[in-house]
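Enquirer: The file below is data-v6.pdb, PDB, C-alpha atoms:
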ATOM      1  CA  MET A   1     -21.112-116.806-179.630
ATOM      2  CA  MET A   2     -22.787-113.773-181.275
ATOM      3  CA  LYS A   3     -25.693-115.590-182.933
ATOM      4  CA  ASN A   4     -28.319-113.682-180.891
ATOM      5  CA  LYS A   5     -26.818-110.233-181.549
ATOM      6  CA  LYS A   6     -29.779-109.004-183.641
ATOM      7  CA  LYS A   7     -32.430-110.121-181.166
ATOM      8  CA  PRO A   8     -32.371-106.988-178.946
ATOM      9  CA  ILE A   9     -32.803-104.759-182.050
ATOM     10  CA  ARG A  10     -36.033-106.510-182.959
ATOM     11  CA  ASN A  11     -37.244-106.597-179.345
ATOM     12  CA  PHE A  12     -36.522-102.913-178.745
ATOM     13  CA  GLU A  13     -38.221-101.789-181.962
ATOM     14  CA  GLN A  14     -41.220-103.912-181.028
ATOM     15  CA  GLU A  15     -41.239-102.414-177.540
ATOM     16  CA  ARG A  16     -41.182 -98.900-179.003
ATOM     17  CA  ALA A  17     -44.015 -99.685-181.434
ATOM     18  CA  GLU A  18     -46.147-101.216-178.673
ATOM     19  CA  LYS A  19     -45.526 -98.242-176.381
ATOM     20  CA  LEU A  20     -46.475 -95.802-179.170
ATOM     21  CA  SER A  21     -49.739 -97.720-179.740
ATOM     22  CA  GLU A  22     -50.493 -97.580-176.010
ATOM     23  CA  LEU A  23     -49.771 -93.848-175.690
ATOM     24  CA  GLY A  24     -51.575 -93.058-178.960
ATOM     25  CA  ALA A  25     -54.717 -94.873-177.812
ATOM     26  CA  LYS A  26     -54.676 -92.915-174.545
ATOM     27  CA  LEU A  27     -54.274 -89.591-176.370
ATOM     28  CA  ARG A  28     -57.077 -90.443-178.810
ATOM     29  CA  GLN A  29     -59.434 -91.352-175.961
ATOM     30  CA  VAL A  30     -58.772 -88.077-174.109
ATOM     31  CA  ARG A  31     -59.143 -86.069-177.330
ATOM     32  CA  GLU A  32     -62.466 -87.698-178.194
ATOM     33  CA  ASN A  33     -63.718 -87.235-174.618
ATOM     34  CA  GLN A  34     -63.061 -83.505-175.053
ATOM     35  CA  ASP A  35     -64.899 -83.561-178.403
ATOM     36  CA  LEU A  36     -61.820 -82.243-180.250
ATOM     37  CA  SER A  37     -60.870 -83.087-183.838
ATOM     38  CA  LEU A  38     -57.313 -83.741-184.999
ATOM     39  CA  GLU A  39     -57.465 -80.401-186.813
ATOM     40  CA  ASP A  40     -58.276 -78.671-183.500
ATOM     41  CA  VAL A  41     -55.222 -80.236-181.854
ATOM     42  CA  ALA A  42     -53.061 -79.475-184.910
ATOM     43  CA  ALA A  43     -53.974 -75.785-184.602
ATOM     44  CA  ARG A  44     -52.930 -75.800-180.932
ATOM     45  CA  THR A  45     -49.662 -77.719-181.355
ATOM     46  CA  MET A  46     -48.543 -76.652-184.851
ATOM     47  CA  ILE A  47     -48.093 -80.381-185.601
ATOM     48  CA  ARG A  48     -49.632 -81.651-188.821
ATOM     49  CA  SER A  49     -52.827 -83.645-188.355
ATOM     50  CA  GLY A  50     -51.301 -86.508-190.346
ATOM     51  CA  MET A  51     -48.570 -86.936-187.732
ATOM     52  CA  LEU A  52     -51.097 -86.710-184.903
ATOM     53  CA  HIS A  53     -53.114 -89.442-186.603
ATOM     54  CA  ALA A  54     -49.981 -91.612-186.956
ATOM     55  CA  ILE A  55     -49.284 -91.190-183.221
ATOM     56  CA  GLU A  56     -52.841 -92.177-182.282
ATOM     57  CA  GLU A  57     -52.716 -95.229-184.558
ATOM     58  CA  GLY A  58     -49.216 -96.255-183.428
ATOM     59  CA  LYS A  59     -47.835 -96.059-186.985
ATOM     60  CA  LEU A  60     -44.142 -95.759-186.151
ATOM     61  CA  GLN A  61     -43.090 -96.018-189.809
ATOM     62  CA  HIS A  62     -44.928 -92.784-190.683
ATOM     63  CA  LEU A  63     -43.118 -90.712-188.038
ATOM     64  CA  PRO A  64     -39.629 -89.108-187.839
ATOM     65  CA  GLU A  65     -36.802 -90.060-185.467
ATOM     66  CA  PRO A  66     -37.716 -91.169-181.913
ATOM     67  CA  VAL A  67     -36.530 -87.914-180.284
ATOM     68  CA  TYR A  68     -39.002 -85.922-182.391
ATOM     69  CA  ILE A  69     -41.808 -88.423-181.750
ATOM     70  CA  GLN A  70     -41.221 -87.945-178.023
ATOM     71  CA  GLY A  71     -41.512 -84.164-178.437
ATOM     72  CA  PHE A  72     -44.698 -84.501-180.495
ATOM     73  CA  ILE A  73     -46.265 -86.736-177.821
ATOM     74  CA  ARG A  74     -45.445 -84.139-175.180
ATOM     75  CA  ARG A  75     -46.983 -81.260-177.126
ATOM     76  CA  PHE A  76     -50.016 -83.398-178.032
ATOM     77  CA  ALA A  77     -50.623 -84.284-174.363
ATOM     78  CA  ASP A  78     -50.068 -80.698-173.154
ATOM     79  CA  ALA A  79     -52.667 -79.452-175.655
ATOM     80  CA  LEU A  80     -55.171 -81.861-174.087
ATOM     81  CA  GLY A  81     -54.403 -80.671-170.547
ATOM     82  CA  MET A  82     -52.403 -83.794-169.657
ATOM     83  CA  ASN A  83     -48.920 -84.051-168.145
ATOM     84  CA  GLY A  84     -47.009 -84.049-171.413
ATOM     85  CA  ALA A  85     -43.534 -84.457-169.941
ATOM     86  CA  LEU A  86     -44.579 -87.484-167.886
ATOM     87  CA  LEU A  87     -46.420 -89.142-170.777
ATOM     88  CA  ALA A  88     -43.598 -88.548-173.265
ATOM     89  CA  SER A  89     -41.009 -90.006-170.882
ATOM     90  CA  ASP A  90     -42.699 -93.414-171.300
ATOM     91  CA  PHE A  91     -41.701 -93.491-174.985
ATOM     92  CA  PRO A  92     -38.267 -95.179-175.362
ATOM     93  CA  THR A  93     -35.629 -93.506-177.547
ATOM     94  CA  GLU A  94     -32.123 -94.646-176.553
ATOM     95  CA  THR A  95     -31.618 -97.720-178.734
ATOM     96  CA  ASN A  96     -27.890 -97.430-179.339
ATOM     97  CA  LEU A  97     -26.922 -97.525-175.672
ATOM     98  CA  ARG A  98     -28.883-100.728-175.031
ATOM     99  CA  LEU A  99     -27.437-102.424-178.097
ATOM    100  CA  PHE A 100     -23.919-101.479-177.107
ATOM    101  CA  LYS A 101     -24.363-102.926-173.621
ATOM    102  CA  TYR A 102     -25.917-106.078-175.031
ATOM    103  CA  SER A 103     -23.094-106.723-177.520
ATOM    104  CA  TRP A 104     -20.544-106.255-174.692
ATOM    105  CA  ILE A 105     -22.269-108.950-172.603
ATOM    106  CA  GLN A 106     -22.268-111.426-175.487
ATOM    107  CA  LEU A 107     -18.447-111.722-175.530
ATOM    108  CA  SER A 108     -16.909-114.919-174.124
ATOM    109  CA  PRO A 109     -13.331-113.984-173.120
ATOM    110  CA  PRO A 110     -12.490-117.279-171.305
ATOM    111  CA  GLN A 111     -12.127-118.938-174.712
ATOM    112  CA  LEU A 112      -9.283-116.605-175.709
ATOM    113  CA  ARG A 113      -5.596-116.736-174.872
ATOM    114  CA  PRO A 114      -4.297-114.052-172.455
ATOM    115  CA  ILE A 115      -2.547-112.026-175.175
ATOM    116  CA  HIS A 116      -5.597-112.226-177.458
ATOM    117  CA  LEU A 117      -7.852-111.294-174.577
ATOM    118  CA  TYR A 118      -5.744-108.229-173.851
ATOM    119  CA  LEU A 119      -5.935-107.092-177.489
ATOM    120  CA  VAL A 120      -9.686-107.695-177.573
ATOM    121  CA  TYR A 121     -10.180-105.565-174.453
ATOM    122  CA  ILE A 122      -8.151-102.714-175.955
ATOM    123  CA  PHE A 123     -10.152-102.920-179.159
ATOM    124  CA  LEU A 124     -13.455-102.923-177.267
ATOM    125  CA  ILE A 125     -12.431 -99.944-175.160
ATOM    126  CA  MET A 126     -11.547 -97.967-178.297
ATOM    127  CA  CYS A 127     -14.845 -98.954-179.934
ATOM    128  CA  SER A 128     -16.791 -98.025-176.812
ATOM    129  CA  VAL A 129     -15.239 -94.549-176.630
ATOM    130  CA  ASN A 130     -15.850 -93.872-180.322
ATOM    131  CA  GLY A 131     -19.325 -95.373-180.218
ATOM    132  CA  MET A 132     -20.426 -93.430-177.158
ATOM    133  CA  SER A 133     -19.049 -90.179-178.612
ATOM    134  CA  TYR A 134     -20.946 -90.695-181.859
ATOM    135  CA  MET A 135     -24.129 -91.717-180.064
ATOM    136  CA  MET A 136     -24.064 -88.683-177.769
ATOM    137  CA  ASN A 137     -23.531 -86.299-180.689
ATOM    138  CA  ARG A 138     -26.465 -87.818-182.585
ATOM    139  CA  SER A 139     -28.802 -88.038-179.600
ATOM    140  CA  VAL A 140     -27.987 -84.844-177.719
ATOM    141  CA  ALA A 141     -31.255 -83.261-178.889
ATOM    142  CA  GLN A 142     -33.097 -85.791-176.706
ATOM    143  CA  VAL A 143     -32.136 -83.860-173.593
ATOM    144  CA  SER A 144     -35.035 -81.440-174.152
ATOM    145  CA  GLY A 145     -38.585 -81.909-175.480
ATOM    146  CA  LEU A 146     -39.544 -80.143-178.654
ATOM    147  CA  ASP A 147     -41.718 -77.729-176.751
ATOM    148  CA  ASN A 148     -38.887 -76.321-174.622
ATOM    149  CA  LYS A 149     -39.710 -72.655-175.233
ATOM    150  CA  GLN A 150     -38.004 -69.452-174.152
ATOM    151  CA  GLU A 151     -39.019 -65.873-174.834
ATOM    152  CA  LEU A 152     -36.541 -64.032-177.125
ATOM    153  CA  LYS A 153     -36.321 -60.273-176.968
ATOM    154  CA  ASN A 154     -33.894 -58.778-179.496
ATOM    155  CA  GLN A 155     -31.531 -55.921-178.687
ATOM    156  CA  PRO A 156     -30.304 -53.678-181.541
ATOM    157  CA  SER A 157     -26.563 -53.999-182.147
ATOM    158  CA  GLN A 158     -24.225 -51.089-182.867
ATOM    159  CA  GLY A 159     -23.025 -50.891-186.439
ATOM    160  CA  ASN A 160     -26.104 -52.727-187.771
ATOM    161  CA  GLN A 161     -29.056 -50.454-187.009
ATOM    162  CA  ALA A 162     -32.503 -51.366-188.333
ATOM    163  CA  PRO A 163     -33.872 -49.372-191.319
ATOM    164  CA  THR A 164     -36.071 -46.401-190.411
ATOM    165  CA  GLY A 165     -39.840 -46.894-190.514
ATOM    166  CA  GLN A 166     -39.815 -50.612-189.688
ATOM    167  CA  LEU A 167     -41.153 -52.459-186.650
ATOM    168  CA  ALA A 168     -40.940 -56.187-185.823
ATOM    169  CA  LYS A 169     -41.359 -57.847-182.434
ATOM    170  CA  VAL A 170     -39.152 -60.902-181.748
ATOM    171  CA  GLU A 171     -40.351 -63.181-178.936
ATOM    172  CA  ASN A 172     -37.876 -65.729-177.604
ATOM    173  CA  ALA A 173     -34.317 -64.731-176.754
ATOM    174  CA  SER A 174     -31.656 -62.113-176.438
ATOM    175  CA  LEU A 175     -30.086 -63.006-179.752
ATOM    176  CA  LEU A 176     -32.240 -61.147-182.296
ATOM    177  CA  LYS A 177     -32.756 -57.407-182.509
ATOM    178  CA  THR A 178     -35.777 -55.165-182.879
ATOM    179  CA  VAL A 179     -36.312 -54.102-186.479
ATOM    180  CA  THR A 180     -38.885 -51.701-187.927
ATOM    181  CA  ASN A 181     -41.047 -51.889-190.991
ATOM    182  CA  SER A 182     -44.811 -51.704-190.726
ATOM    183  CA  ASN A 183     -45.317 -52.074-194.472
ATOM    184  CA  GLN A 184     -43.078 -55.048-195.254
ATOM    185  CA  ALA A 185     -43.477 -58.744-194.467
ATOM    186  CA  VAL A 186     -41.516 -60.351-191.665
ATOM    187  CA  ARG A 187     -38.497 -62.159-193.078
ATOM    188  CA  VAL A 188     -36.297 -64.713-191.289
ATOM    189  CA  GLY A 189     -33.079 -66.115-192.749
ATOM    190  CA  LEU A 190     -31.366 -69.282-191.441
ATOM    191  CA  THR A 191     -27.745 -70.342-191.890
ATOM    192  CA  LEU A 192     -26.835 -73.873-190.738
ATOM    193  CA  LYS A 193     -23.445 -74.254-189.028
ATOM    194  CA  ALA A 194     -24.363 -77.865-188.195
ATOM    195  CA  GLU A 195     -27.108 -80.292-189.200
ATOM    196  CA  SER A 196     -30.431 -79.648-187.430
ATOM    197  CA  TRP A 197     -34.126 -80.516-187.603
ATOM    198  CA  ILE A 198     -36.062 -77.342-188.517
ATOM    199  CA  GLN A 199     -39.762 -76.432-188.538
ATOM    200  CA  ILE A 200     -41.041 -73.156-190.055
ATOM    201  CA  VAL A 201     -44.615 -71.993-189.394
ATOM    202  CA  ALA A 202     -45.654 -68.876-191.350
ATOM    203  CA  ASP A 203     -48.950 -67.220-190.370
ATOM    204  CA  GLY A 204     -50.150 -70.485-188.788
ATOM    205  CA  LYS A 205     -49.203 -72.696-191.756
ATOM    206  CA  ILE A 206     -46.262 -75.135-191.747
ATOM    207  CA  GLU A 207     -44.017 -74.049-194.619
ATOM    208  CA  PHE A 208     -41.129 -76.429-193.919
ATOM    209  CA  GLU A 209     -40.383 -79.371-191.626
ATOM    210  CA  GLY A 210     -37.299 -81.558-191.939
ATOM    211  CA  VAL A 211     -33.546 -81.829-191.470
ATOM    212  CA  LEU A 212     -31.247 -79.204-193.031
ATOM    213  CA  SER A 213     -27.582 -80.039-193.515
ATOM    214  CA  GLU A 214     -24.534 -77.975-192.554
ATOM    215  CA  GLY A 215     -23.933 -75.012-194.862
ATOM    216  CA  THR A 216     -27.601 -74.638-195.888
ATOM    217  CA  GLN A 217     -28.970 -71.076-196.220
ATOM    218  CA  ARG A 218     -32.752 -70.613-196.404
ATOM    219  CA  SER A 219     -35.196 -67.768-195.804
ATOM    220  CA  TRP A 220     -38.973 -67.480-195.277
ATOM    221  CA  GLU A 221     -41.470 -64.594-195.156
ATOM    222  CA  ALA A 222     -44.818 -64.052-193.452
ATOM    223  CA  LYS A 223     -47.294 -61.190-193.259
ATOM    224  CA  GLN A 224     -47.946 -61.440-189.511
ATOM    225  CA  GLN A 225     -45.860 -64.079-187.727
ATOM    226  CA  LEU A 226     -43.035 -66.583-188.254
ATOM    227  CA  VAL A 227     -42.267 -69.399-185.786
ATOM    228  CA  VAL A 228     -38.874 -71.120-186.127
ATOM    229  CA  THR A 229     -38.146 -74.339-184.162
ATOM    230  CA  ALA A 230     -34.698 -75.961-184.230
ATOM    231  CA  GLY A 231     -33.632 -79.315-182.766
ATOM    232  CA  ASN A 232     -29.974 -78.210-182.547
ATOM    233  CA  ALA A 233     -30.119 -74.489-181.733
ATOM    234  CA  GLY A 234     -26.339 -74.176-181.478
ATOM    235  CA  GLY A 235     -25.970 -75.048-185.151
ATOM    236  CA  VAL A 236     -28.472 -72.441-186.420
ATOM    237  CA  LEU A 237     -27.843 -68.742-187.124
ATOM    238  CA  VAL A 238     -30.980 -66.579-187.317
ATOM    239  CA  ALA A 239     -31.319 -63.187-189.036
ATOM    240  CA  VAL A 240     -34.506 -61.084-188.940
ATOM    241  CA  ASN A 241     -35.300 -58.707-191.823
ATOM    242  CA  ASN A 242     -31.717 -58.921-193.124
ATOM    243  CA  GLY A 243     -30.340 -57.990-189.701
ATOM    244  CA  GLN A 244     -27.251 -59.454-188.101
ATOM    245  CA  ALA A 245     -27.352 -63.265-187.896
ATOM    246  CA  LYS A 246     -26.913 -64.652-184.401
ATOM    247  CA  GLN A 247     -26.826 -68.126-182.876
ATOM    248  CA  MET A 248     -30.272 -69.409-181.922
ATOM    249  CA  GLY A 249     -29.185 -71.160-178.707
ATOM    250  CA  GLU A 250     -26.872 -73.768-177.219
ATOM    251  CA  PRO A 251     -25.693 -76.859-179.159
ATOM    252  CA  GLY A 252     -28.076 -79.798-178.822
ATOM    253  CA  LYS A 253     -30.841 -77.675-177.257
ATOM    254  CA  VAL A 254     -34.314 -77.393-178.790
ATOM    255  CA  GLU A 255     -35.310 -73.724-179.181
ATOM    256  CA  GLU A 256     -38.297 -71.926-180.662
ATOM    257  CA  VAL A 257     -38.240 -68.333-181.964
ATOM    258  CA  THR A 258     -41.405 -66.374-182.689
ATOM    259  CA  VAL A 259     -41.164 -63.199-184.844
ATOM    260  CA  LYS A 260     -44.245 -60.990-185.029
ATOM    261  CA  ALA A 261     -44.873 -57.987-187.268
ATOM    262  CA  ASN A 262     -46.689 -55.207-185.412
ATOM    263  CA  PRO A 263     -47.947 -52.133-187.297
ATOM    264  CA  ARG A 264     -46.803 -48.788-185.982
ATOM    265  CA  SER A 265     -49.115 -47.201-183.507
TER     266      SER A 265
END
Go ahead and render the structure in this file as structure tokens.

Expert:
Amino acid sequence: MMKNKKKPIRNFEQERAEKLSELGAKLRQVRENQDLSLEDVAARTMIRSGMLHAIEEGKLQHLPEPVYIQGFIRRFADALGMNGALLASDFPTETNLRLFKYSWIQLSPPQLRPIHLYLVYIFLIMCSVNGMSYMMNRSVAQVSGLDNKQELKNQPSQGNQAPTGQLAKVENASLLKTVTNSNQAVRVGLTLKAESWIQIVADGKIEFEGVLSEGTQRSWEAKQQLVVTAGNAGGVLVAVNNGQAKQMGEPGKVEEVTVKANPRS
């Protein structure tokens, strides 16, 4: 009855790999037509050239989770002047939902007695509720592309004034505050309330890229600029130059914070 259960997994993974190869070939052709190197695109997108190469070659095994691949494709295409959102939407990501629907169809209730059928339906309903809840929590970051950017402008909070003689400009949201220090490096501290994918770019160089678990506390410094990108902004607290830590955004939303150090005029 369930002998073909694994077939849609293989077919969907194959479909995703084929689609990545198709989109990667299109991106490579446009890039080469514009006489751009992978390093040129990496500088524009802040995505490592190795990942851009994996996208162009359709090497799915060398890339992170599908939601992040979709965001990378969008930023890659935007950097080439293409419609990134439209191109990225062609890359499939929602595997769990299709598998759940498929396994539901494979059941053969007519072979069961009425009482057994009733119990099976109750069990399936419970599994469907739990499964959908888990799937939505794990895939909520797919709602936005990785390049969903907002400008942050920090307001100083009472009771936590910035030290005298410092100046830092925070571009992205209303959650950080303006701090001053023309002679010190920009410093950003992160506290994870929930698991989230994080990318840190310090002075144009990627210092960290990966998933940080709940409870993690990390900090980074830069001389001129720090760019923080989070896949689950609601689970990330951000503090600039030891200021008050505030939530980066809404749960499940992708947010990017740029902190620049400007010398006093």

Enquirer: When you count only C-alpha atoms, which of these residues is closest to Ala77 in chain A: A:Val228, A:Leu27, A:Ile198, A:Leu119?

Expert: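 Smallest distance to Ala77 in chain A is found for A:Leu27.
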
Enquirer: Would you compute the distance between CA of Ala239 in chain A and CA of Leu226 in chain A? Give it in Å to one decimal.

Expert: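 Atom-to-atom, CA of Ala239 in chain A to CA of Leu226 in chain A, that is 12.2 Å.
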
Enquirer: Report the residues retrieved by the PyMOL selection byres ((chain A and resi 85-91) around 6) from the displayed file, expressed as a list in words.

Expert: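 That selection, the PyMOL selection byres ((chain A and resi 85-91) around 6), comes back as Gln70, Ile73, Arg74, Asn83, Gly84 and Pro92 of chain A.
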
Enquirer: Counting only C-alpha atoms, which of A:Ala202, A:Leu23, A:Ala261, A:Ala230 gets nearest to Lys59 in chain A?

Expert: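 Ranking A:Ala202, A:Leu23, A:Ala261, A:Ala230 by distance to Lys59 in chain A, first place goes to A:Leu23.
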
Enquirer: Determine the nearest neighbour of Gln61 in chain A from the options A:Met126, A:Asn242, A:Ala25, A:Arg16, counting all atoms listed in the file.

Expert: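 Comparing A:Met126, A:Asn242, A:Ala25, A:Arg16 against Gln61 in chain A, the winner is A:Arg16.
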
Enquirer: Calculate how many Å separate CA of Ile47 in chain A from CA of Ala245 in chain A, rounding to one decimal.

Expert: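 Between CA of Ile47 in chain A and CA of Ala245 in chain A the gap works out to 27.0 Å.
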
Enquirer: Could you list, as a list in words, every residue within 10 Å of Ile69 in chain A, counting all atoms listed in the file and ignoring same-chain residues fewer than 6 positions away?

Expert: Leu20, Met51, Leu52, Ile55, Leu60, Leu63, Arg75, Ala88, Phe91, Pro92, Thr93, Gly145 and Leu146 of chain A

Enquirer: Could you save the residues just selected, with C-alpha atoms, as a CSV table (one decimal), in the coordinates of the input?

Expert:
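Result file part_33.csv:
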chain,number,residue,atom,x,y,z
A,20,LEU,CA,-46.5,-95.8,-179.2
A,51,MET,CA,-48.6,-86.9,-187.7
A,52,LEU,CA,-51.1,-86.7,-184.9
A,55,ILE,CA,-49.3,-91.2,-183.2
A,60,LEU,CA,-44.1,-95.8,-186.2
A,63,LEU,CA,-43.1,-90.7,-188.0
A,75,ARG,CA,-47.0,-81.3,-177.1
A,88,ALA,CA,-43.6,-88.5,-173.3
A,91,PHE,CA,-41.7,-93.5,-175.0
A,92,PRO,CA,-38.3,-95.2,-175.4
A,93,THR,CA,-35.6,-93.5,-177.5
A,145,GLY,CA,-38.6,-81.9,-175.5
A,146,LEU,CA,-39.5,-80.1,-178.7

Enquirer: As a check of understanding, name the residues that the PyMOL selection byres ((chain A and resi 207-210) around 10) selects in the supplied structure, as a PDB file with C-alpha atoms, keeping the file's coordinate frame.

Expert:
ATOM      1  CA  ILE A  47     -48.093 -80.381-185.601  1.00  0.00           C
ATOM      2  CA  ARG A  48     -49.632 -81.651-188.821  1.00  0.00           C
ATOM      3  CA  PRO A  64     -39.629 -89.108-187.839  1.00  0.00           C
ATOM      4  CA  SER A 196     -30.431 -79.648-187.430  1.00  0.00           C
ATOM      5  CA  TRP A 197     -34.126 -80.516-187.603  1.00  0.00           C
ATOM      6  CA  ILE A 198     -36.062 -77.342-188.517  1.00  0.00           C
ATOM      7  CA  GLN A 199     -39.762 -76.432-188.538  1.00  0.00           C
ATOM      8  CA  ILE A 200     -41.041 -73.156-190.055  1.00  0.00           C
ATOM      9  CA  VAL A 201     -44.615 -71.993-189.394  1.00  0.00           C
ATOM     10  CA  ALA A 202     -45.654 -68.876-191.350  1.00  0.00           C
ATOM     11  CA  ASP A 203     -48.950 -67.220-190.370  1.00  0.00           C
ATOM     12  CA  GLY A 204     -50.150 -70.485-188.788  1.00  0.00           C
ATOM     13  CA  LYS A 205     -49.203 -72.696-191.756  1.00  0.00           C
ATOM     14  CA  ILE A 206     -46.262 -75.135-191.747  1.00  0.00           C
ATOM     15  CA  VAL A 211     -33.546 -81.829-191.470  1.00  0.00           C
ATOM     16  CA  LEU A 212     -31.247 -79.204-193.031  1.00  0.00           C
ATOM     17  CA  SER A 213     -27.582 -80.039-193.515  1.00  0.00           C
ATOM     18  CA  TRP A 220     -38.973 -67.480-195.277  1.00  0.00           C
ATOM     19  CA  GLU A 221     -41.470 -64.594-195.156  1.00  0.00           C
ATOM     20  CA  LEU A 226     -43.035 -66.583-188.254  1.00  0.00           C
ATOM     21  CA  VAL A 228     -38.874 -71.120-186.127  1.00  0.00           C
ATOM     22  CA  THR A 229     -38.146 -74.339-184.162  1.00  0.00           C
ATOM     23  CA  ALA A 230     -34.698 -75.961-184.230  1.00  0.00           C
TER      24      ALA A 230
END

Enquirer: What is the distance, in Å and to one decimal place, between CA of Gly252 in chain A and CA of Gly50 in chain A?

Expert: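 Result for CA of Gly252 in chain A versus CA of Gly50 in chain A: 26.8 Å, one decimal.
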
Enquirer: Looking at all atoms listed in the file, which of A:Val186, A:Gly81, A:Asp35, A:Arg28 is the one that sits closest to Thr258 in chain A?

Expert: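 For Thr258 in chain A, the nearest of the given residues is A:Val186.
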
Enquirer: Output the residue selection produced by the PyMOL selection byres ((chain A and resi 240) around 7) on the file above, formatted as a ChimeraX atom specification.

Expert: /A:187-189,238-239,241-243

Enquirer: Within 12 Å of Gly235 in chain A, counting all atoms listed in the file, which residues show up once you throw out same-chain ones fewer than 4 positions away? Write them as a list in words, please.

Expert: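 In the requested form, the answer reads Ala141, Leu190, Thr191, Leu192, Lys193, Ala194, Glu195, Ser196, Trp197, Ile198, Val211, Leu212, Ser213, Glu214, Gly215, Thr216, Ala230, Gly231, Lys246, Gln247, Met248, Gly249, Glu250, Pro251, Gly252, Lys253, Val254 and Glu255 of chain A.
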
Enquirer: Using C-alpha atoms, give me range 54-97 of chain A from the structure I just pasted, as a short mmCIF file (atom, residue, chain, number, x, y, z; two decimals), in the first residue's frame.

Expert:
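Result file out32.cif:
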data_model
loop_
_atom_site.label_atom_id
_atom_site.label_comp_id
_atom_site.auth_asym_id
_atom_site.auth_seq_id
_atom_site.Cartn_x
_atom_site.Cartn_y
_atom_site.Cartn_z
CA ALA A 54 28.00 26.23 -7.06
CA ILE A 55 24.77 27.97 -8.17
CA GLU A 56 26.03 28.37 -11.74
CA GLU A 57 27.13 24.73 -11.88
CA GLY A 58 23.93 23.43 -10.25
CA LYS A 59 25.87 21.79 -7.39
CA LEU A 60 23.03 21.48 -4.88
CA GLN A 61 25.16 19.49 -2.42
CA HIS A 62 27.57 22.42 -1.95
CA LEU A 63 24.82 24.88 -0.96
CA PRO A 64 22.85 25.50 2.28
CA GLU A 65 19.12 24.94 2.83
CA PRO A 66 16.73 25.66 -0.08
CA VAL A 67 15.37 28.89 1.46
CA TYR A 68 18.87 30.38 1.51
CA ILE A 69 19.61 29.15 -2.02
CA GLN A 70 16.48 30.96 -3.19
CA GLY A 71 17.69 34.17 -1.53
CA PHE A 72 21.15 33.82 -3.08
CA ILE A 73 19.62 33.35 -6.55
CA ARG A 74 17.58 36.51 -6.07
CA ARG A 75 20.56 38.62 -5.01
CA PHE A 76 22.70 37.12 -7.80
CA ALA A 77 20.08 38.01 -10.44
CA ASP A 78 19.49 41.51 -9.02
CA ALA A 79 23.23 42.22 -9.21
CA LEU A 80 23.09 41.37 -12.93
CA GLY A 81 20.12 43.68 -13.55
CA MET A 82 17.63 40.81 -13.85
CA ASN A 83 14.29 40.35 -12.08
CA GLY A 84 15.65 38.53 -9.04
CA ALA A 85 12.32 37.92 -7.32
CA LEU A 86 10.80 36.37 -10.45
CA LEU A 87 13.83 34.18 -11.16
CA ALA A 88 14.14 32.98 -7.56
CA SER A 89 10.46 32.04 -7.41
CA ASP A 90 11.16 29.30 -9.99
CA PHE A 91 13.38 27.46 -7.48
CA PRO A 92 11.26 24.98 -5.45
CA THR A 93 11.65 24.89 -1.66
CA GLU A 94 8.53 23.43 -0.01
CA THR A 95 9.32 19.71 0.08
CA ASN A 96 7.58 18.79 3.31
CA LEU A 97 4.14 19.98 2.21
#
